[in-house]
Each structure stands twice: as structure tokens, then as C-alpha cells.
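Written below as C-alpha cells is the structure these notes are about.
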Amino acid sequence: MTYARNEPLDVLWEKVGKDFNRWISGLRRRYGKIGVIRCWESQQDGYPHIHCVLLFHEYEFKTFFYNGKWRITKKRELEELWNWGYSDMFALYSIGAGVGYVLKYVTKVNNALLAEKMDRKLVLSLALMWIFRKRAFSVSKDFGLYLVEEKNDSPRGQVDLEGNSIYKWYLVGFWADIDGKYSSWSVDLSYNGFWRIRSSKEFTFNKTLISDEILK
């Protein structure tokens with residue numbers, strides 16, 4: 001979401017949080033419980049710009065694919081509640097994609113001063129958020145809990161396109177290649193070759209993850 005240029009820059013930075021809260025409150029009155037991840041960013045001229053991901057707990061939207069993006073059929077209804085300028089809404093194909101979308105902006109702004117060539121817009125974002133005492137991003141509690149549950153329920157190891165497990169990988173230990181025998185990050189070992197390394201004094205044994213079944 002962006003702002004129309006009909007008010008001074010400092011006034012909009014002062015009230016961007018209140019405006020966002022009014023907008024999300026209007027959405028919640030219409031669509032029920034909504035989790036939010038949001039971040040602020042400055043545009044080239046210094047005016048505030050908002051990126052956010054919304055998780056609708058009690059409402060489902062119909063979607064369609066258009067011009068390279070998934071859109072929702074009620075796009076205009078959501079956009080009309082943002083009364084202060086331009087807004088654009090689209091659907092996300094996964095929670096991970098949504099989180100990645102916001103994190104992209106958060107990390108690039110936070111790393112602005114570390115880049116070899118500083119990006120004026122990113123440095124301006126940092127400066128304005130500091131001046132107007134704005135938190136760079138926020139995550140609502142219900143969204144955070146959902147991410148934890150989603151992570152805990154996700155399959156362990158490599159999966160196919162339907163989410164079924166293919167392999168499980170276990171950390172057996174660390175091997176210091178002192179003699180320079182192996183030139184790559186991995187090597188195929190015979191059963192006897194594995195046990196020669198396993199029994200060497202340089203091998204660090206990980207007792208918590210290994211079992212007799214894995215070694216068979």
C-alpha cells in the first residue's frame with residue numbers, strides 16, 4: 001500500500017501505524033480473524049510504503065491466475081478499504097512464499113548499510129524509521145503460532161511434490177580429512193570403509209542421532 005501525495009511526508013510517517021490499524025480493523029470486521037506480518041519501507045521520495053501478508057482464519061477467497069500472479073476475485077473489496085492511496089492485493093501459493101515476500105523487504109532494508117554499494121532508498125528507509133520511531137516489521141501472535149505449528153507438522157527430510165517422504169538424513173558425525181584423501185564434500189564408502197573412519201580417533205561421534213538401524 002502507498003500514500004497519495006496530498007499530505008506532508010512527516011505527517012504520513014507519524015500516522016502510518018494508525019492508518020494501517022484502521023485498515024486491518026476494517027478487514028477484520030468484514031472477514032473475521034486475520035493474522036498479519038507487515039513491514040514499512042520508504043519510497044524514493046521518502047513517503048511511506050507498506051508490505052504485508054494476511055492470513056485469513058475464517059474466510060476463503062476464490063482465486064485465478066492472471067499475468068503471472070494469483071489474484072483473488074474480491075481484490076477490489078480489500079483495496080477499497082485503503083483510503084489513503086494506491087494498493088494492490090494478490091494471493092500467495094504457500095505460507096512460506098508469503099513469509100519470504102515480507103522477509104525480502106525486511107532483510108534488504110536491515111542490510112542496507114552492509115552492502116558494498118549503498119542503496120539510497122534503503123538507507124532512507126532506515127533513517128526515516130529511526131526518526132519517527134517505527135518498528136521495521138511486526139508479526140501478530142496468531143500468525144506466529146501458525147508458523148510454529150506449520151513447521152512442527154512439516155515432514156522431515158526430502159519429500160516429493162505431494163509432500164511424501166523420500167529419504168531421511170541423519171548426522172552421523174564429523175570426519176577431519178587430515179591426509180587430503182577426499183576432494184569433495186561427499187564420498188561413497190563401503191561398509192568396512194565407514195567403520196575404519198568411525199573407529200579412528202579423529203571421528204567425532206554424535207550419540208544423539210545415530211542408531212543401530214541406521215548403520216545396517
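Letters A, B, ... mark the chains of the C-alpha cells in the order given; residue numbers begin at 1 per chain; ligand numbers begin at 1, in order shown.
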Shell around Leu81 in chain A at 12 Å using only C-alpha atoms, local window under 5 positions removed, as a list in words: Met1, Asp19, Phe20, Asn21, Arg22, Trp23, Ile24, Ser25, Gly26, Leu27, Arg28, Arg29, Arg30, Lys74, Lys75, Arg76, Tyr86, Ser87, Asp88 and Met89 of chain A
Residues within 8 Å of range 121-138 of chain A, please, as a list in words. Count only C-alpha atoms; anything in the same chain fewer than 4 positions from it doesn't count.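 Returned residues: Trp13, Glu14, Val36, Ile37, Arg38, Cys39, Trp40, Glu41, Ser42, Gln43, Gln44, Gly46, Val106, Lys108, Val109, Asn110, Ala112 and Leu113 of chain A.
Here CA of Ala97 in chain A and CA of Val16 in chain A stand 25.3 Å from one another.
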What separation in Å, quoted to one decimal, exists between CA of Pro8 in chain A and CA of Tyr47 in chain A? 8.7 Å
Non-local contacts of Leu92 in chain A (9 Å; only C-alpha atoms; under 6 positions in same chain excluded) as a ChimeraX atom specification: /A:53,69-71,98
What residues in range 69-126 of chain A get the DSSP label strand (DSSP E or B)? Please answer as an NGL selection string. :A and (69-72 or 91)
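Look at Thr2 in chain A: the protein and nucleic acid residues within 8 Å of it, using only C-alpha atoms and passing over chain neighbours fewer than 2 places away, are A:Ala4, A:Pro48, A:His49, A:Ile50, A:Trp84, A:Gly85, A:Tyr86, A:Ser87.
Minimum distance to Trp82 in chain A across A:Gly96, A:Glu58, A:Asp119, A:Tyr3 (counting only C-alpha atoms) occurs at A:Tyr3.
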Which of range 30-129 of chain A end up as alpha helix (DSSP H) when DSSP is run on this backbone - answer as a PyMOL selection string? chain A and resi 30-31+75-79+95-110+120-129
Next, dump the selected residues to file, keeping only N, CA, C and O atoms, as a CSV table (one decimal), in the first residue's frame.
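Once written, again.csv looks like this:
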```csv
chain,number,residue,atom,x,y,z
A,30,ARG,N,-15.1,-7.3,8.5
A,30,ARG,CA,-15.7,-7.9,7.4
A,30,ARG,C,-15.4,-9.3,7.2
A,30,ARG,O,-16.3,-10.1,6.8
A,31,TYR,N,-14.2,-9.8,7.5
A,31,TYR,CA,-13.8,-11.1,7.2
A,31,TYR,C,-13.4,-12.0,8.4
A,31,TYR,O,-13.0,-13.1,8.2
A,75,LYS,N,-10.6,-8.8,-4.9
A,75,LYS,CA,-9.5,-7.9,-4.8
A,75,LYS,C,-9.9,-6.5,-4.6
A,75,LYS,O,-9.4,-5.8,-3.7
A,76,ARG,N,-10.9,-6.0,-5.3
A,76,ARG,CA,-11.3,-4.6,-5.2
A,76,ARG,C,-11.9,-4.3,-3.8
A,76,ARG,O,-11.8,-3.2,-3.3
A,77,GLU,N,-12.6,-5.3,-3.2
A,77,GLU,CA,-13.2,-5.1,-1.9
A,77,GLU,C,-12.1,-4.8,-0.9
A,77,GLU,O,-12.3,-4.0,0.1
A,78,LEU,N,-11.0,-5.5,-0.9
A,78,LEU,CA,-9.9,-5.3,0.0
A,78,LEU,C,-9.2,-4.0,-0.2
A,78,LEU,O,-8.9,-3.3,0.7
A,79,GLU,N,-9.0,-3.7,-1.5
A,79,GLU,CA,-8.3,-2.5,-1.8
A,79,GLU,C,-9.1,-1.2,-1.5
A,79,GLU,O,-8.5,-0.2,-1.1
A,95,ILE,N,2.3,-20.5,2.6
A,95,ILE,CA,2.7,-19.7,3.8
A,95,ILE,C,4.2,-19.3,3.6
A,95,ILE,O,4.6,-18.1,3.9
A,96,GLY,N,5.0,-20.2,3.2
A,96,GLY,CA,6.4,-19.9,3.1
A,96,GLY,C,6.7,-18.8,2.1
A,96,GLY,O,7.6,-17.9,2.3
A,97,ALA,N,5.9,-18.8,1.0
A,97,ALA,CA,6.1,-17.7,0.0
A,97,ALA,C,5.7,-16.4,0.5
A,97,ALA,O,6.3,-15.4,0.2
A,98,GLY,N,4.7,-16.4,1.4
A,98,GLY,CA,4.2,-15.1,2.0
A,98,GLY,C,5.3,-14.6,2.9
A,98,GLY,O,5.6,-13.4,2.9
A,99,VAL,N,5.8,-15.4,3.8
A,99,VAL,CA,6.8,-15.0,4.7
A,99,VAL,C,8.0,-14.5,4.0
A,99,VAL,O,8.6,-13.5,4.3
A,100,GLY,N,8.4,-15.3,3.0
A,100,GLY,CA,9.6,-14.9,2.2
A,100,GLY,C,9.4,-13.5,1.5
A,100,GLY,O,10.3,-12.8,1.4
A,101,TYR,N,8.2,-13.2,1.1
A,101,TYR,CA,7.9,-12.0,0.4
A,101,TYR,C,8.2,-10.8,1.4
A,101,TYR,O,8.8,-9.8,1.0
A,102,VAL,N,7.7,-10.9,2.6
A,102,VAL,CA,7.9,-9.8,3.6
A,102,VAL,C,9.4,-9.8,4.0
A,102,VAL,O,10.0,-8.7,4.1
A,103,LEU,N,10.0,-11.0,4.3
A,103,LEU,CA,11.3,-11.0,4.8
A,103,LEU,C,12.3,-10.4,3.8
A,103,LEU,O,13.4,-9.9,4.1
A,104,LYS,N,12.0,-10.5,2.5
A,104,LYS,CA,12.8,-10.0,1.4
A,104,LYS,C,13.0,-8.5,1.7
A,104,LYS,O,14.1,-7.9,1.6
A,105,TYR,N,11.9,-7.8,2.0
A,105,TYR,CA,12.0,-6.3,2.2
A,105,TYR,C,12.6,-6.0,3.6
A,105,TYR,O,13.4,-5.1,3.7
A,106,VAL,N,12.3,-6.8,4.6
A,106,VAL,CA,12.9,-6.6,5.9
A,106,VAL,C,14.4,-6.7,5.9
A,106,VAL,O,15.2,-5.9,6.3
A,107,THR,N,14.9,-7.8,5.3
A,107,THR,CA,16.3,-8.1,5.3
A,107,THR,C,17.1,-7.1,4.4
A,107,THR,O,18.2,-6.7,4.7
A,108,LYS,N,16.5,-6.7,3.3
A,108,LYS,CA,17.3,-5.8,2.4
A,108,LYS,C,17.4,-4.4,3.0
A,108,LYS,O,18.4,-3.7,2.8
A,109,VAL,N,16.4,-4.0,3.8
A,109,VAL,CA,16.5,-2.7,4.5
A,109,VAL,C,17.5,-2.8,5.6
A,109,VAL,O,18.3,-1.9,5.8
A,110,ASN,N,17.4,-3.9,6.4
A,110,ASN,CA,18.3,-4.0,7.5
A,110,ASN,C,19.7,-4.2,7.1
A,110,ASN,O,20.7,-3.8,7.9
A,120,ARG,N,20.3,4.2,-1.8
A,120,ARG,CA,19.8,5.4,-1.2
A,120,ARG,C,18.4,5.1,-0.6
A,120,ARG,O,18.1,5.6,0.5
A,121,LYS,N,17.5,4.4,-1.3
A,121,LYS,CA,16.2,4.2,-0.8
A,121,LYS,C,16.2,3.4,0.5
A,121,LYS,O,15.4,3.7,1.4
A,122,LEU,N,17.0,2.4,0.5
A,122,LEU,CA,17.1,1.5,1.7
A,122,LEU,C,17.6,2.3,2.9
A,122,LEU,O,17.1,2.1,4.0
A,123,VAL,N,18.7,3.0,2.7
A,123,VAL,CA,19.2,3.9,3.8
A,123,VAL,C,18.2,4.9,4.2
A,123,VAL,O,18.1,5.1,5.4
A,124,LEU,N,17.5,5.4,3.3
A,124,LEU,CA,16.4,6.4,3.6
A,124,LEU,C,15.3,5.7,4.5
A,124,LEU,O,14.8,6.3,5.4
A,125,SER,N,15.0,4.5,4.1
A,125,SER,CA,14.0,3.8,4.9
A,125,SER,C,14.5,3.6,6.4
A,125,SER,O,13.7,3.9,7.3
A,126,LEU,N,15.7,3.2,6.6
A,126,LEU,CA,16.3,3.1,7.9
A,126,LEU,C,16.2,4.4,8.7
A,126,LEU,O,15.9,4.5,9.9
A,127,ALA,N,16.7,5.5,8.0
A,127,ALA,CA,16.7,6.8,8.6
A,127,ALA,C,15.3,7.3,9.1
A,127,ALA,O,15.2,7.8,10.2
A,128,LEU,N,14.4,7.1,8.2
A,128,LEU,CA,13.0,7.6,8.5
A,128,LEU,C,12.4,6.8,9.6
A,128,LEU,O,11.7,7.4,10.5
A,129,MET,N,12.6,5.5,9.6
A,129,MET,CA,12.0,4.7,10.7
A,129,MET,C,12.7,5.0,12.0
A,129,MET,O,12.0,5.0,13.1
```
Name the residues in contact with Tyr66 in chain A at a cut-off of 12 Å, using only C-alpha atoms, excluding same-chain residues fewer than 5 positions from it; report them as a ChimeraX atom specification. /A:71-73,90-91
